Amino acid sequence: MRSRDSVLRYVAWSLGLWLIVGLCHGARAGTEDLYRAQTIVTGQGPDNREVAFSACLEDVLIKVSGAYQLGGDARLTPFKARAGDFVTGFDYHDQKAGKPKHDEQGTRDRSYDLTVSFDHAKIDALLGTLATRPWLAARPVVATIVAMNYGGSSFLVAADDRRSDLQRDALRAAAAKRGLDIALPTASELATASSGRADQGAPTPARFGAVLPGVQVRLFGQLTWDDRELGWITQWQLDADGQRHHWQLRGVTFDDAFRRGFGGVAQILSGNGAP
C-alpha cells in the first residue's frame with residue numbers, strides 16, 4: 001500500500017501532466033485556427049468550391065500574418081488560381097440544417113458555410129515570398145467600445161443589449177476573421193462610465209479607459225451615418241503598448257467598417273505598419 005506522501009506526489013504529477021497536455025492542446029488549437037477560414041457558398045459543386053478556396057486563401061494569409069495590406073494584392077493572383085494546392089481539408093455546414101427542402105431553389109441553391117483548412121508550412125513559405133511572416137505570438141484580447149450614430153439617435157455596442165445585437169455579432173465576426181478575440185462591456189458598465197447615460201457622446205479613453213480594466217489593448221470606434229455618402233463615416237483609435245493610433249473610413253457598411261477596423265488592429269499589433 002502506498003504511503004500518503006507517495007499518493008500525493010502521484011496526484012500532483014498527474015495533475016501537472018494533465019495541465020501541460022491541456023495547455024499544449026490549447027496552443028495547437030489556437031494556431032490551427034489561424035490556418036482556417038470560412039466563407040459562404042451556394043451548393044457543394046467543385047466550381048463554387050474553387051472560388052471559395054481562392055477567397056479563403058487570401059483571408060488565411062492575412063489572418064496568419066496580420067498584414068491586412070495583402071488584401072487585393074496583385075501578387076496573390078497566381079496563387080489564388082491554384083488555391084487548392086494549399087488546402088489540407090474542408091467541411092460544409094448546411095445553414096438550413098433541420099429545415100425541409102421546400103422548393104426547387106431550396107434544393108438546388110442551398111447555402112452552406114464552407115470551412116477550409118490550409119497547410120501550415122505552405123502558407124508560411126508563401127508569406128515568405130510576399131516579404132512577410134507568420135504572426136504566431138500570443139494575441140491580446142481587444143477591449144472594444146463602439147458608438148453608432150444614426151440621425152438624431154446614438155447608442156454604444158454592449159455585450160448584453162438587444163439594441164446592438166447586429167453590431168455585436170458583426171464585431172465578433174470581424175475580429176475572428178483576423179484571428180482576434182474581443183471583450184465588450186455590458187450596458188451597465190457603459191452607463192456607469194458615462195455617468196448614467198450609455199448614449200452620451202463618443203467613446204474616448206478619457207470616458208471609458210477604466211472599463212474592462214483587465215484588458216490592456218483598447219479599440220475605440222465611432223460610426224456616423226452620412227446620407228450623402230449612403231454609408232458610415234468611421235473613426236478608429238487603438239491604444240496599445242503605450243502608443244495611440246488613428247485611422248478612418250468613409251462611405252462603408254458597418255460590417256465592412258468593422259472588418260477593416262480589425263484589419264487595421266491586426267496590422268498594427270503584428271508590426272506590419274499603419275492601416
# chains A, B, ... in the order shown; residues from 1 in each chain; ligands from 1
>>> residues_around(residues="Leu180 in chain A", least_positions_apart="3", cutoff="9 Å", atoms="only C-alpha atoms", output="compact mmCIF listing (two decimals) with all heavy atoms, in the first residue's frame")
# COMPACT_ATOMS: atom_id res chain seq x y z
N LYS A 63 -4.87 36.59 -42.01
CA LYS A 63 -5.09 36.17 -40.63
C LYS A 63 -3.80 35.69 -39.97
O LYS A 63 -3.50 36.05 -38.83
CB LYS A 63 -6.13 35.05 -40.60
CG LYS A 63 -6.58 34.63 -39.20
CD LYS A 63 -7.32 33.30 -39.30
CE LYS A 63 -8.72 33.41 -38.79
NZ LYS A 63 -9.42 32.10 -38.78
N ARG A 139 -1.86 36.53 -29.02
CA ARG A 139 -2.58 37.73 -29.44
C ARG A 139 -3.44 38.25 -28.30
O ARG A 139 -4.19 37.47 -27.68
CB ARG A 139 -3.43 37.43 -30.67
CG ARG A 139 -2.59 36.93 -31.83
CD ARG A 139 -3.35 36.83 -33.13
NE ARG A 139 -2.48 36.39 -34.21
CZ ARG A 139 -2.81 36.37 -35.49
NH1 ARG A 139 -4.04 36.75 -35.85
NH2 ARG A 139 -1.95 35.97 -36.40
N PRO A 140 -3.35 39.53 -28.01
CA PRO A 140 -4.09 40.06 -26.86
C PRO A 140 -5.59 40.17 -27.15
O PRO A 140 -6.02 40.33 -28.30
CB PRO A 140 -3.48 41.46 -26.68
CG PRO A 140 -3.04 41.85 -28.06
CD PRO A 140 -2.56 40.57 -28.69
N VAL A 141 -6.37 40.08 -26.09
CA VAL A 141 -7.80 40.39 -26.19
C VAL A 141 -7.93 41.89 -26.38
O VAL A 141 -7.22 42.68 -25.75
CB VAL A 141 -8.54 39.93 -24.93
CG1 VAL A 141 -10.01 40.36 -24.97
CG2 VAL A 141 -8.44 38.42 -24.77
N VAL A 142 -8.83 42.31 -27.26
CA VAL A 142 -9.01 43.73 -27.56
C VAL A 142 -10.31 44.22 -26.92
O VAL A 142 -11.41 43.78 -27.29
CB VAL A 142 -9.06 43.97 -29.08
CG1 VAL A 142 -9.20 45.46 -29.38
CG2 VAL A 142 -7.81 43.41 -29.75
N ARG A 172 -17.79 40.72 -33.51
CA ARG A 172 -17.14 39.47 -33.15
C ARG A 172 -16.71 38.70 -34.40
O ARG A 172 -15.63 38.10 -34.43
CB ARG A 172 -18.08 38.64 -32.28
CG ARG A 172 -18.20 39.20 -30.86
CD ARG A 172 -19.23 38.48 -30.04
NE ARG A 172 -19.20 38.95 -28.64
CZ ARG A 172 -20.20 38.80 -27.79
NH1 ARG A 172 -21.31 38.19 -28.17
NH2 ARG A 172 -20.10 39.26 -26.56
N ALA A 174 -15.99 40.01 -37.34
CA ALA A 174 -14.88 40.74 -37.96
C ALA A 174 -13.58 40.48 -37.23
O ALA A 174 -12.52 40.32 -37.86
CB ALA A 174 -15.20 42.24 -37.98
N ALA A 175 -13.62 40.44 -35.90
CA ALA A 175 -12.41 40.17 -35.12
C ALA A 175 -11.91 38.75 -35.37
O ALA A 175 -10.72 38.52 -35.58
CB ALA A 175 -12.69 40.39 -33.64
N ALA A 176 -12.83 37.78 -35.36
CA ALA A 176 -12.45 36.38 -35.58
C ALA A 176 -11.83 36.19 -36.96
O ALA A 176 -10.90 35.40 -37.14
CB ALA A 176 -13.66 35.48 -35.41
N LYS A 177 -12.32 36.92 -37.94
CA LYS A 177 -11.80 36.81 -39.30
C LYS A 177 -10.32 37.20 -39.35
O LYS A 177 -9.57 36.71 -40.20
CB LYS A 177 -12.61 37.73 -40.22
CG LYS A 177 -12.34 37.57 -41.72
CD LYS A 177 -13.26 38.47 -42.52
CE LYS A 177 -13.09 38.30 -44.01
NZ LYS A 177 -13.60 37.01 -44.50
N PHE A 262 -10.78 45.95 -37.68
CA PHE A 262 -9.97 44.92 -37.05
C PHE A 262 -8.81 44.50 -37.94
O PHE A 262 -7.79 44.00 -37.45
CB PHE A 262 -10.83 43.72 -36.65
CG PHE A 262 -11.62 43.97 -35.40
CD1 PHE A 262 -12.97 44.21 -35.44
CD2 PHE A 262 -10.97 44.01 -34.17
CE1 PHE A 262 -13.69 44.47 -34.28
CE2 PHE A 262 -11.68 44.26 -33.00
CZ PHE A 262 -13.04 44.49 -33.06
N VAL A 265 -6.30 46.85 -36.75
CA VAL A 265 -5.79 46.43 -35.44
C VAL A 265 -4.73 45.34 -35.61
O VAL A 265 -3.65 45.40 -35.03
CB VAL A 265 -6.95 45.92 -34.55
CG1 VAL A 265 -6.39 45.30 -33.27
CG2 VAL A 265 -7.89 47.07 -34.20
N ALA A 266 -5.06 44.32 -36.41
CA ALA A 266 -4.11 43.22 -36.62
C ALA A 266 -2.84 43.71 -37.28
O ALA A 266 -1.72 43.29 -36.92
CB ALA A 266 -4.77 42.14 -37.48
>>> residues_around(residues="Tyr112 in chain A", least_positions_apart="2", cutoff="8 Å", atoms="only C-alpha atoms", output="PyMOL selection string")
chain A and resi 40-44+92-95+110+114
>>> write_last_selection(atoms="C-alpha atoms", output="PDB file, in the first residue's frame")
ATOM      1  CA  ILE A  40     -20.498  31.037 -47.652  1.00  0.00           C
ATOM      2  CA  VAL A  41     -21.133  29.018 -50.807  1.00  0.00           C
ATOM      3  CA  THR A  42     -24.241  28.044 -52.711  1.00  0.00           C
ATOM      4  CA  GLY A  43     -24.260  24.300 -53.226  1.00  0.00           C
ATOM      5  CA  GLN A  44     -21.341  21.887 -52.976  1.00  0.00           C
ATOM      6  CA  TYR A  92     -19.583  22.045 -45.231  1.00  0.00           C
ATOM      7  CA  HIS A  93     -22.226  23.121 -42.753  1.00  0.00           C
ATOM      8  CA  ASP A  94     -25.769  23.464 -44.046  1.00  0.00           C
ATOM      9  CA  GLN A  95     -27.093  26.868 -42.954  1.00  0.00           C
ATOM     10  CA  ARG A 110     -28.996  25.694 -50.661  1.00  0.00           C
ATOM     11  CA  LEU A 114     -17.578  26.183 -46.035  1.00  0.00           C
TER      12      LEU A 114
END
>>> atom_distance(atom1="CA of Gly151 in chain A", atom2="CA of Gly221 in chain A")
17.3 Å
>>> residues_around(residues="Ala274 in chain A", least_positions_apart="4", cutoff="10 Å", atoms="only C-alpha atoms", output="ChimeraX atom specification")
/A:68-69,245-247,264-269
>>> write_last_selection(atoms="all heavy atoms", output="mmCIF file, in the first residue's frame")
data_model
loop_
_atom_site.group_PDB
_atom_site.id
_atom_site.type_symbol
_atom_site.label_atom_id
_atom_site.label_comp_id
_atom_site.auth_asym_id
_atom_site.auth_seq_id
_atom_site.Cartn_x
_atom_site.Cartn_y
_atom_site.Cartn_z
ATOM 1 N N TYR A 68 -2.872 43.180 -43.185
ATOM 2 C CA TYR A 68 -4.126 43.465 -43.870
ATOM 3 C C TYR A 68 -3.888 44.037 -45.268
ATOM 4 O O TYR A 68 -4.732 43.926 -46.152
ATOM 5 C CB TYR A 68 -4.958 44.442 -43.032
ATOM 6 C CG TYR A 68 -6.334 44.722 -43.591
ATOM 7 C CD1 TYR A 68 -7.266 43.697 -43.694
ATOM 8 C CD2 TYR A 68 -6.692 45.989 -44.012
ATOM 9 C CE1 TYR A 68 -8.530 43.935 -44.203
ATOM 10 C CE2 TYR A 68 -7.946 46.242 -44.527
ATOM 11 C CZ TYR A 68 -8.869 45.210 -44.613
ATOM 12 O OH TYR A 68 -10.117 45.447 -45.132
ATOM 13 N N GLN A 69 -2.716 44.621 -45.476
ATOM 14 C CA GLN A 69 -2.412 45.218 -46.776
ATOM 15 C C GLN A 69 -2.314 44.166 -47.881
ATOM 16 O O GLN A 69 -2.278 44.513 -49.071
ATOM 17 C CB GLN A 69 -1.120 46.044 -46.720
ATOM 18 C CG GLN A 69 0.146 45.242 -46.485
ATOM 19 C CD GLN A 69 0.520 45.157 -45.020
ATOM 20 O OE1 GLN A 69 -0.357 45.131 -44.154
ATOM 21 N NE2 GLN A 69 1.823 45.130 -44.727
ATOM 22 N N HIS A 245 -3.014 55.044 -32.015
ATOM 23 C CA HIS A 245 -3.098 55.004 -33.480
ATOM 24 C C HIS A 245 -4.484 55.434 -33.918
ATOM 25 O O HIS A 245 -5.493 55.034 -33.313
ATOM 26 C CB HIS A 245 -2.817 53.590 -33.994
ATOM 27 C CG HIS A 245 -1.567 52.975 -33.450
ATOM 28 N ND1 HIS A 245 -0.352 53.059 -34.104
ATOM 29 C CD2 HIS A 245 -1.339 52.268 -32.307
ATOM 30 C CE1 HIS A 245 0.567 52.426 -33.393
ATOM 31 N NE2 HIS A 245 -0.004 51.938 -32.300
ATOM 32 N N HIS A 246 -4.556 56.238 -34.980
ATOM 33 C CA HIS A 246 -5.831 56.723 -35.507
ATOM 34 C C HIS A 246 -5.940 56.386 -36.989
ATOM 35 O O HIS A 246 -4.965 56.466 -37.733
ATOM 36 C CB HIS A 246 -5.946 58.252 -35.352
ATOM 37 C CG HIS A 246 -5.950 58.728 -33.924
ATOM 38 N ND1 HIS A 246 -7.107 58.876 -33.190
ATOM 39 C CD2 HIS A 246 -4.921 59.082 -33.097
ATOM 40 C CE1 HIS A 246 -6.798 59.309 -31.975
ATOM 41 N NE2 HIS A 246 -5.483 59.439 -31.894
ATOM 42 N N TRP A 247 -7.140 56.040 -37.425
ATOM 43 C CA TRP A 247 -7.428 55.921 -38.859
ATOM 44 C C TRP A 247 -8.938 56.064 -39.057
ATOM 45 O O TRP A 247 -9.707 55.991 -38.098
ATOM 46 C CB TRP A 247 -6.889 54.620 -39.442
ATOM 47 C CG TRP A 247 -7.506 53.326 -38.987
ATOM 48 C CD1 TRP A 247 -8.418 52.548 -39.633
ATOM 49 C CD2 TRP A 247 -7.218 52.618 -37.767
ATOM 50 N NE1 TRP A 247 -8.723 51.425 -38.921
ATOM 51 C CE2 TRP A 247 -7.987 51.435 -37.774
ATOM 52 C CE3 TRP A 247 -6.375 52.871 -36.672
ATOM 53 C CZ2 TRP A 247 -7.961 50.518 -36.720
ATOM 54 C CZ3 TRP A 247 -6.356 51.958 -35.637
ATOM 55 C CH2 TRP A 247 -7.138 50.797 -35.665
ATOM 56 N N GLY A 264 -7.070 46.744 -39.444
ATOM 57 C CA GLY A 264 -6.091 47.734 -39.005
ATOM 58 C C GLY A 264 -5.477 47.373 -37.667
ATOM 59 O O GLY A 264 -4.268 47.544 -37.454
ATOM 60 N N VAL A 265 -6.303 46.852 -36.748
ATOM 61 C CA VAL A 265 -5.789 46.432 -35.439
ATOM 62 C C VAL A 265 -4.734 45.340 -35.612
ATOM 63 O O VAL A 265 -3.646 45.404 -35.034
ATOM 64 C CB VAL A 265 -6.946 45.925 -34.548
ATOM 65 C CG1 VAL A 265 -6.394 45.295 -33.270
ATOM 66 C CG2 VAL A 265 -7.887 47.066 -34.197
ATOM 67 N N ALA A 266 -5.062 44.323 -36.410
ATOM 68 C CA ALA A 266 -4.112 43.218 -36.622
ATOM 69 C C ALA A 266 -2.836 43.714 -37.281
ATOM 70 O O ALA A 266 -1.724 43.289 -36.922
ATOM 71 C CB ALA A 266 -4.769 42.137 -37.482
ATOM 72 N N GLN A 267 -2.972 44.625 -38.224
ATOM 73 C CA GLN A 267 -1.798 45.138 -38.927
ATOM 74 C C GLN A 267 -0.864 45.880 -37.977
ATOM 75 O O GLN A 267 0.366 45.723 -38.032
ATOM 76 C CB GLN A 267 -2.246 46.059 -40.059
ATOM 77 C CG GLN A 267 -1.113 46.517 -40.969
ATOM 78 C CD GLN A 267 -1.633 47.057 -42.296
ATOM 79 O OE1 GLN A 267 -2.479 46.432 -42.918
ATOM 80 N NE2 GLN A 267 -1.151 48.202 -42.697
ATOM 81 N N ILE A 268 -1.436 46.660 -37.090
ATOM 82 C CA ILE A 268 -0.620 47.402 -36.115
ATOM 83 C C ILE A 268 0.028 46.455 -35.109
ATOM 84 O O ILE A 268 1.242 46.503 -34.866
ATOM 85 C CB ILE A 268 -1.491 48.445 -35.386
ATOM 86 C CG1 ILE A 268 -1.918 49.557 -36.357
ATOM 87 C CG2 ILE A 268 -0.736 49.042 -34.196
ATOM 88 C CD1 ILE A 268 -3.008 50.458 -35.815
ATOM 89 N N LEU A 269 -0.776 45.579 -34.500
ATOM 90 C CA LEU A 269 -0.264 44.704 -33.447
ATOM 91 C C LEU A 269 0.779 43.714 -33.973
ATOM 92 O O LEU A 269 1.677 43.305 -33.229
ATOM 93 C CB LEU A 269 -1.417 43.937 -32.797
ATOM 94 C CG LEU A 269 -2.453 44.771 -32.035
ATOM 95 C CD1 LEU A 269 -3.526 43.875 -31.442
ATOM 96 C CD2 LEU A 269 -1.796 45.611 -30.930
#
>>> atom_distance(atom1="CA of Asp226 in chain A", atom2="CA of Thr186 in chain A")
27.5 Å
>>> residues_around(residues="Val87 in chain A", least_positions_apart="6", cutoff="8 Å", atoms="only C-alpha atoms", output="VMD selection string")
chain A and resid 53 116 to 119
>>> residues_around(residues="range 80-82 of chain A", least_positions_apart="4", cutoff="8 Å", atoms="only C-alpha atoms", output="list of chain:residue names")
A:Phe53, A:Ser54, A:Ala55, A:Leu57, A:Glu58, A:Leu76, A:Phe86
>>> select_by_dssp(residues="range 14-208 of chain A", states="strand (DSSP E)", output="JSON, numbers by chain")
{"A": [36, 37, 38, 39, 40, 41, 42, 87, 88, 89, 90, 91, 92, 93, 94, 111, 112, 113, 114, 115, 116, 117, 118, 141, 142, 143, 144, 145, 146, 147, 148, 149, 150, 153, 154, 155, 156, 181, 182, 183]}
>>> residues_around(residues="range 152-163 of chain A", least_positions_apart="3", cutoff="7 Å", atoms="only C-alpha atoms", output="VMD selection string")
chain A and resid 145 to 149 167 to 168 184 to 187 198 to 199
>>> select_by_dssp(residues="range 186-272 of chain A", states="alpha helix (DSSP H)", output="list in words")
Ala187, Ser188, Glu189, Leu190, Ala191, Thr192, Ala193, Pro205, Ala206, Arg207, Phe208, Phe254, Asp255, Asp256, Ala257, Phe258, Arg259, Arg260, Gly261, Phe262, Gly263, Gly264, Val265, Ala266, Gln267, Ile268 and Leu269 of chain A
>>> closest_residue(among="A:Asp169, A:Ala143, A:Val252, A:Ile182", to="Gly214 in chain A", atoms="only C-alpha atoms")
A:Ala143
